[in-house]
$ cat work_34.csv   # CSV, C-alpha atoms
chain,number,residue,atom,x,y,z
A,1,MET,CA,0.0,0.0,0.0
A,2,ASN,CA,1.3,3.4,-1.0
A,3,LYS,CA,2.1,5.7,2.0
A,4,ASN,CA,-0.3,8.3,0.7
A,5,SER,CA,-3.1,5.8,0.2
A,6,ILE,CA,-5.9,5.3,2.7
A,7,VAL,CA,-9.0,3.1,3.1
A,8,SER,CA,-12.3,4.8,3.6
A,9,ILE,CA,-15.1,2.8,5.2
A,10,ALA,CA,-18.7,3.6,4.3
A,11,ARG,CA,-22.1,1.9,4.4
A,12,THR,CA,-23.1,2.8,0.8
A,13,VAL,CA,-22.0,4.3,-2.5
A,14,GLU,CA,-24.3,7.1,-3.5
A,15,LEU,CA,-24.7,8.1,-7.2
A,16,SER,CA,-24.5,11.7,-6.2
A,17,GLU,CA,-21.0,11.2,-4.6
A,18,ILE,CA,-19.4,10.2,-7.9
A,19,CYS,CA,-19.2,13.6,-9.6
A,20,THR,CA,-17.0,15.0,-12.2
A,21,ASP,CA,-15.8,17.8,-9.9
A,22,GLY,CA,-13.2,15.5,-8.3
A,23,SER,CA,-14.8,15.3,-4.9
A,24,PHE,CA,-14.9,11.4,-5.1
A,25,LYS,CA,-11.2,10.8,-4.4
A,26,HIS,CA,-11.3,7.0,-4.5
A,27,ASP,CA,-9.7,4.9,-7.2
A,28,HIS,CA,-11.2,1.6,-6.2
A,29,VAL,CA,-14.4,0.4,-4.5
A,30,ILE,CA,-14.6,-2.9,-2.7
A,31,ASP,CA,-18.1,-3.9,-1.7
A,32,ILE,CA,-18.3,-6.6,1.0
A,33,ARG,CA,-22.0,-6.3,1.8
A,34,ARG,CA,-24.2,-9.4,1.8
A,35,CYS,CA,-27.9,-9.9,1.3
A,36,ASN,CA,-29.9,-12.3,3.5
A,37,GLN,CA,-29.1,-15.3,1.2
A,38,GLY,CA,-25.4,-14.8,1.8
A,39,ARG,CA,-24.7,-13.6,-1.7
A,40,ALA,CA,-23.3,-10.2,-2.7
A,41,ARG,CA,-25.8,-7.5,-2.4
A,42,PRO,CA,-26.9,-6.1,-5.8
A,43,VAL,CA,-25.6,-2.6,-6.6
A,44,GLU,CA,-27.5,-0.1,-8.7
A,45,GLU,CA,-26.7,-0.2,-12.3
A,46,GLU,CA,-26.5,3.6,-12.5
A,47,VAL,CA,-23.8,3.5,-9.7
A,48,LEU,CA,-21.8,0.9,-11.7
A,49,LYS,CA,-22.1,2.9,-14.9
A,50,ARG,CA,-20.8,6.1,-13.2
A,51,LEU,CA,-17.9,4.3,-11.6
A,52,ARG,CA,-17.0,2.8,-14.9
A,53,ASN,CA,-17.3,6.1,-16.7
A,54,HIS,CA,-14.8,7.7,-14.2
A,55,PHE,CA,-12.4,4.7,-14.4
A,56,ILE,CA,-13.0,3.6,-10.8
A,57,SER,CA,-12.7,-0.2,-10.3
A,58,TYR,CA,-15.5,-2.0,-8.5
A,59,ASP,CA,-15.1,-5.4,-6.8
A,60,GLN,CA,-17.7,-7.4,-4.8
A,61,MET,CA,-16.7,-9.9,-2.2
A,62,ALA,CA,-19.6,-10.9,0.1
A,63,MET,CA,-18.5,-11.3,3.7
A,64,ASP,CA,-20.2,-11.8,7.0
A,65,MET,CA,-18.0,-9.8,9.3
A,66,LYS,CA,-19.5,-11.4,12.4
A,67,ASP,CA,-18.6,-14.9,11.2
A,68,VAL,CA,-15.5,-14.3,9.1
A,69,GLY,CA,-12.7,-16.8,9.0
A,70,PRO,CA,-9.0,-15.9,9.3
A,71,CYS,CA,-8.4,-16.8,5.6
A,72,GLU,CA,-11.1,-14.3,4.5
A,73,GLU,CA,-9.7,-11.6,6.8
A,74,VAL,CA,-6.2,-12.1,5.4
A,75,HIS,CA,-7.4,-12.1,1.8
A,76,LEU,CA,-9.4,-8.8,2.4
A,77,CYS,CA,-6.4,-7.1,4.1
A,78,GLU,CA,-4.0,-8.2,1.3
A,79,MET,CA,-6.4,-6.8,-1.3
A,80,LEU,CA,-6.5,-3.5,0.6
A,81,LYS,CA,-2.7,-3.3,0.9
A,82,GLU,CA,-2.2,-4.3,-2.8
A,83,TYR,CA,-4.2,-1.4,-4.3
A,84,GLU,CA,-2.4,1.8,-5.3
A,85,GLY,CA,-4.5,4.8,-4.6
A,86,ASP,CA,-7.5,5.4,-2.3
A,87,VAL,CA,-9.9,2.5,-1.6
A,88,LEU,CA,-13.6,2.9,-0.6
A,89,LEU,CA,-14.6,-0.2,1.4
A,90,VAL,CA,-18.4,-0.6,1.5
A,91,THR,CA,-19.8,-2.7,4.4
A,92,ASP,CA,-22.8,-3.1,6.7
A,93,ASP,CA,-20.5,-3.7,9.7
A,94,VAL,CA,-18.4,-0.6,10.0
A,95,PRO,CA,-17.1,-1.2,13.5
A,96,GLN,CA,-15.9,-4.7,12.7
A,97,VAL,CA,-14.1,-3.6,9.6
A,98,ALA,CA,-12.5,-0.7,11.5
A,99,SER,CA,-11.3,-3.1,14.1
A,100,LEU,CA,-9.9,-5.4,11.4
A,101,CYS,CA,-8.0,-2.4,9.9
A,102,ASN,CA,-6.6,-1.6,13.3
A,103,ILE,CA,-5.4,-5.1,13.8
A,104,TYR,CA,-3.6,-5.3,10.4
A,105,ASP,CA,-2.2,-1.7,10.6
A,106,ILE,CA,-4.2,-0.4,7.6
A,107,PRO,CA,-4.7,3.4,7.8
A,108,PHE,CA,-8.4,4.2,7.4
A,109,GLU,CA,-11.0,6.9,7.8
A,110,SER,CA,-14.7,6.3,8.3
A,111,LYS,CA,-17.6,8.1,6.7
A,112,VAL,CA,-19.7,6.7,9.6
A,113,PHE,CA,-19.3,7.8,13.2
A,114,TYR,CA,-18.2,5.2,15.6
A,115,VAL,CA,-16.9,5.1,19.2
A,116,VAL,CA,-13.9,3.1,20.4
A,117,GLU,CA,-13.9,1.8,23.9
A,118,THR,CA,-10.8,0.3,25.5
A,119,GLY,CA,-10.5,-2.1,28.3
A,120,LYS,CA,-9.9,-5.8,27.7
A,121,GLY,CA,-9.3,-5.1,24.1
A,122,ASP,CA,-10.5,-2.7,21.4
A,123,ILE,CA,-14.3,-2.7,21.2
A,124,ILE,CA,-15.6,-0.6,18.4
A,125,LYS,CA,-19.3,0.3,18.6
A,126,PRO,CA,-21.3,2.2,16.0
A,127,PHE,CA,-22.6,5.6,16.9
A,128,GLU,CA,-25.2,7.2,14.8
A,129,GLN,CA,-25.4,11.0,14.7
A,130,PRO,CA,-28.9,12.1,15.9
A,131,GLN,CA,-31.1,13.3,13.1
A,132,GLN,CA,-32.6,16.7,13.5
A,133,GLN,CA,-36.4,16.8,13.7
A,134,ALA,CA,-38.1,18.8,11.0
A,135,GLN,CA,-40.4,21.6,12.2
A,136,PRO,CA,-44.0,20.4,11.6
A,137,HIS,CA,-45.2,23.6,9.9
A,138,ALA,CA,-42.0,24.3,7.9
A,139,ALA,CA,-42.3,24.8,4.2
A,140,ARG,CA,-41.1,21.7,2.4
A,141,PHE,CA,-40.5,23.0,-1.1
A,142,GLY,CA,-37.6,21.3,-2.8
A,143,VAL,CA,-37.2,18.6,-0.2
A,144,PHE,CA,-37.2,15.1,-1.5
A,145,GLY,CA,-37.1,12.2,1.0
$ encode --input "work_34.csv" --output "structure tokens"
Amino acid sequence: MNKNSIVSIARTVELSEICTDGSFKHDHVIDIRRCNQGRARPVEEEVLKRLRNHFISYDQMAMDMKDVGPCEEVHLCEMLKEYEGDVLLVTDDVPQVASLCNIYDIPFESKVFYVVETGKGDIIKPFEQPQQQAQPHAARFGVFG
């Protein structure tokens, strides 16, 4: 892994993030999310098209981070270390992936808030930022939800 490279951990890849203005700094996207059947979760075709149009590689590798074996961990970490450039790792279990990156000394940043507790080891728990309540009588022009 290049010294200037970093892994970013996120829960999703939004179409609006992949813009021509250069704000999407990732060169590679690795999606390890799974659906209920244990297969790779389908990604939107529009997201794939936009990634391809911006020459950003996309790989899927369905993993259950709560029941991951050591061989899968090592394979994922070797993939992360082998890439040149910034990698976006998409997962449903951000705390577990952050813990894995800490164990294997992979520098990362998270697009999701999490809290690290220390004690008998590193326990990383997700922390969701509270959403602001909308005012009941506020005008809702231009708001799509």
$ atom_distance --input "work_34.csv" --atom1 "CA of Leu89 in chain A" --atom2 "CA of Asp21 in chain A"
21.3 Å
$ atom_distance --input "work_34.csv" --atom1 "CA of Gly85 in chain A" --atom2 "CA of Arg34 in chain A"
25.1 Å
$ closest_residue --input "work_34.csv" --among "A:His54, A:Lys81, A:Lys66, A:His26" --to "Pro95 in chain A" --atoms "all atoms listed in the file"
A:Lys66
$ residues_around --input "work_34.csv" --residues "range 28-32 of chain A" --least-positions-apart "2" --cutoff "7 Å" --atoms "all atoms listed in the file" --output "PyMOL selection string"
chain A and resi 26+34+56-63+86-91
$ residues_around --input "work_34.csv" --residues "Leu80 in chain A" --least-positions-apart "2" --cutoff "12 Å" --atoms "only C-alpha atoms" --output "PyMOL selection string"
chain A and resi 1-2+5-9+27-31+59+73-78+82-89+97+100-101+104-108
$ atom_distance --input "work_34.csv" --atom1 "CA of Val43 in chain A" --atom2 "CA of Gln96 in chain A"
21.7 Å
$ decode --input "work_34.csv" --residues "range 75-98 of chain A" --atoms "N, CA, C and O atoms" --output "mmCIF file, in the first residue's frame"
data_model
loop_
_atom_site.group_PDB
_atom_site.id
_atom_site.type_symbol
_atom_site.label_atom_id
_atom_site.label_comp_id
_atom_site.auth_asym_id
_atom_site.auth_seq_id
_atom_site.Cartn_x
_atom_site.Cartn_y
_atom_site.Cartn_z
ATOM 1 N N HIS A 75 -7.211 -12.375 3.251
ATOM 2 C CA HIS A 75 -7.429 -12.081 1.829
ATOM 3 C C HIS A 75 -7.917 -10.643 1.635
ATOM 4 O O HIS A 75 -7.420 -9.925 0.761
ATOM 5 N N LEU A 76 -8.871 -10.205 2.455
ATOM 6 C CA LEU A 76 -9.374 -8.837 2.359
ATOM 7 C C LEU A 76 -8.271 -7.828 2.660
ATOM 8 O O LEU A 76 -8.093 -6.854 1.920
ATOM 9 N N CYS A 77 -7.506 -8.063 3.697
ATOM 10 C CA CYS A 77 -6.437 -7.129 4.059
ATOM 11 C C CYS A 77 -5.336 -7.095 3.006
ATOM 12 O O CYS A 77 -4.783 -6.025 2.729
ATOM 13 N N GLU A 78 -5.022 -8.232 2.402
ATOM 14 C CA GLU A 78 -4.034 -8.249 1.321
ATOM 15 C C GLU A 78 -4.539 -7.466 0.114
ATOM 16 O O GLU A 78 -3.769 -6.755 -0.536
ATOM 17 N N MET A 79 -5.848 -7.595 -0.176
ATOM 18 C CA MET A 79 -6.430 -6.812 -1.282
ATOM 19 C C MET A 79 -6.292 -5.323 -0.995
ATOM 20 O O MET A 79 -5.935 -4.545 -1.882
ATOM 21 N N LEU A 80 -6.596 -4.919 0.230
ATOM 22 C CA LEU A 80 -6.527 -3.503 0.584
ATOM 23 C C LEU A 80 -5.104 -2.976 0.484
ATOM 24 O O LEU A 80 -4.880 -1.846 0.043
ATOM 25 N N LYS A 81 -4.140 -3.779 0.874
ATOM 26 C CA LYS A 81 -2.744 -3.348 0.853
ATOM 27 C C LYS A 81 -2.170 -3.333 -0.565
ATOM 28 O O LYS A 81 -1.241 -2.601 -0.847
ATOM 29 N N GLU A 82 -2.730 -4.163 -1.452
ATOM 30 C CA GLU A 82 -2.186 -4.276 -2.807
ATOM 31 C C GLU A 82 -2.571 -3.106 -3.709
ATOM 32 O O GLU A 82 -1.868 -2.780 -4.649
ATOM 33 N N TYR A 83 -3.702 -2.462 -3.440
ATOM 34 C CA TYR A 83 -4.159 -1.369 -4.300
ATOM 35 C C TYR A 83 -3.290 -0.135 -4.156
ATOM 36 O O TYR A 83 -2.870 0.216 -3.069
ATOM 37 N N GLU A 84 -3.040 0.500 -5.274
ATOM 38 C CA GLU A 84 -2.387 1.812 -5.294
ATOM 39 C C GLU A 84 -3.502 2.838 -5.372
ATOM 40 O O GLU A 84 -4.388 2.731 -6.212
ATOM 41 N N GLY A 85 -3.495 3.819 -4.548
ATOM 42 C CA GLY A 85 -4.542 4.830 -4.553
ATOM 43 C C GLY A 85 -5.531 4.589 -3.429
ATOM 44 O O GLY A 85 -5.395 3.659 -2.639
ATOM 45 N N ASP A 86 -6.522 5.440 -3.350
ATOM 46 C CA ASP A 86 -7.501 5.379 -2.278
ATOM 47 C C ASP A 86 -8.569 4.337 -2.573
ATOM 48 O O ASP A 86 -9.035 4.203 -3.698
ATOM 49 N N VAL A 87 -8.968 3.619 -1.522
ATOM 50 C CA VAL A 87 -9.948 2.543 -1.632
ATOM 51 C C VAL A 87 -11.152 2.897 -0.769
ATOM 52 O O VAL A 87 -11.003 3.316 0.377
ATOM 53 N N LEU A 88 -12.343 2.722 -1.330
ATOM 54 C CA LEU A 88 -13.577 2.858 -0.570
ATOM 55 C C LEU A 88 -14.076 1.445 -0.283
ATOM 56 O O LEU A 88 -14.341 0.679 -1.198
ATOM 57 N N LEU A 89 -14.172 1.099 0.994
ATOM 58 C CA LEU A 89 -14.641 -0.217 1.414
ATOM 59 C C LEU A 89 -16.071 -0.066 1.917
ATOM 60 O O LEU A 89 -16.316 0.624 2.900
ATOM 61 N N VAL A 90 -17.017 -0.688 1.224
ATOM 62 C CA VAL A 90 -18.433 -0.563 1.548
ATOM 63 C C VAL A 90 -18.858 -1.796 2.343
ATOM 64 O O VAL A 90 -18.681 -2.923 1.879
ATOM 65 N N THR A 91 -19.398 -1.562 3.542
ATOM 66 C CA THR A 91 -19.771 -2.657 4.423
ATOM 67 C C THR A 91 -20.980 -2.289 5.264
ATOM 68 O O THR A 91 -21.250 -1.105 5.483
ATOM 69 N N ASP A 92 -21.691 -3.314 5.736
ATOM 70 C CA ASP A 92 -22.780 -3.088 6.676
ATOM 71 C C ASP A 92 -22.265 -3.028 8.106
ATOM 72 O O ASP A 92 -22.923 -2.484 8.985
ATOM 73 N N ASP A 93 -21.091 -3.590 8.363
ATOM 74 C CA ASP A 93 -20.539 -3.689 9.707
ATOM 75 C C ASP A 93 -19.279 -2.826 9.828
ATOM 76 O O ASP A 93 -18.162 -3.332 9.870
ATOM 77 N N VAL A 94 -19.480 -1.529 9.897
ATOM 78 C CA VAL A 94 -18.360 -0.581 9.950
ATOM 79 C C VAL A 94 -17.460 -0.815 11.162
ATOM 80 O O VAL A 94 -16.235 -0.826 11.020
ATOM 81 N N PRO A 95 -17.999 -1.023 12.371
ATOM 82 C CA PRO A 95 -17.110 -1.222 13.523
ATOM 83 C C PRO A 95 -16.196 -2.433 13.387
ATOM 84 O O PRO A 95 -15.026 -2.370 13.740
ATOM 85 N N GLN A 96 -16.714 -3.524 12.848
ATOM 86 C CA GLN A 96 -15.900 -4.733 12.700
ATOM 87 C C GLN A 96 -14.783 -4.523 11.679
ATOM 88 O O GLN A 96 -13.661 -4.958 11.875
ATOM 89 N N VAL A 97 -15.093 -3.846 10.584
ATOM 90 C CA VAL A 97 -14.077 -3.578 9.559
ATOM 91 C C VAL A 97 -13.031 -2.601 10.093
ATOM 92 O O VAL A 97 -11.840 -2.763 9.849
ATOM 93 N N ALA A 98 -13.461 -1.606 10.860
ATOM 94 C CA ALA A 98 -12.510 -0.665 11.469
ATOM 95 C C ALA A 98 -11.581 -1.400 12.426
ATOM 96 O O ALA A 98 -10.371 -1.141 12.455
#
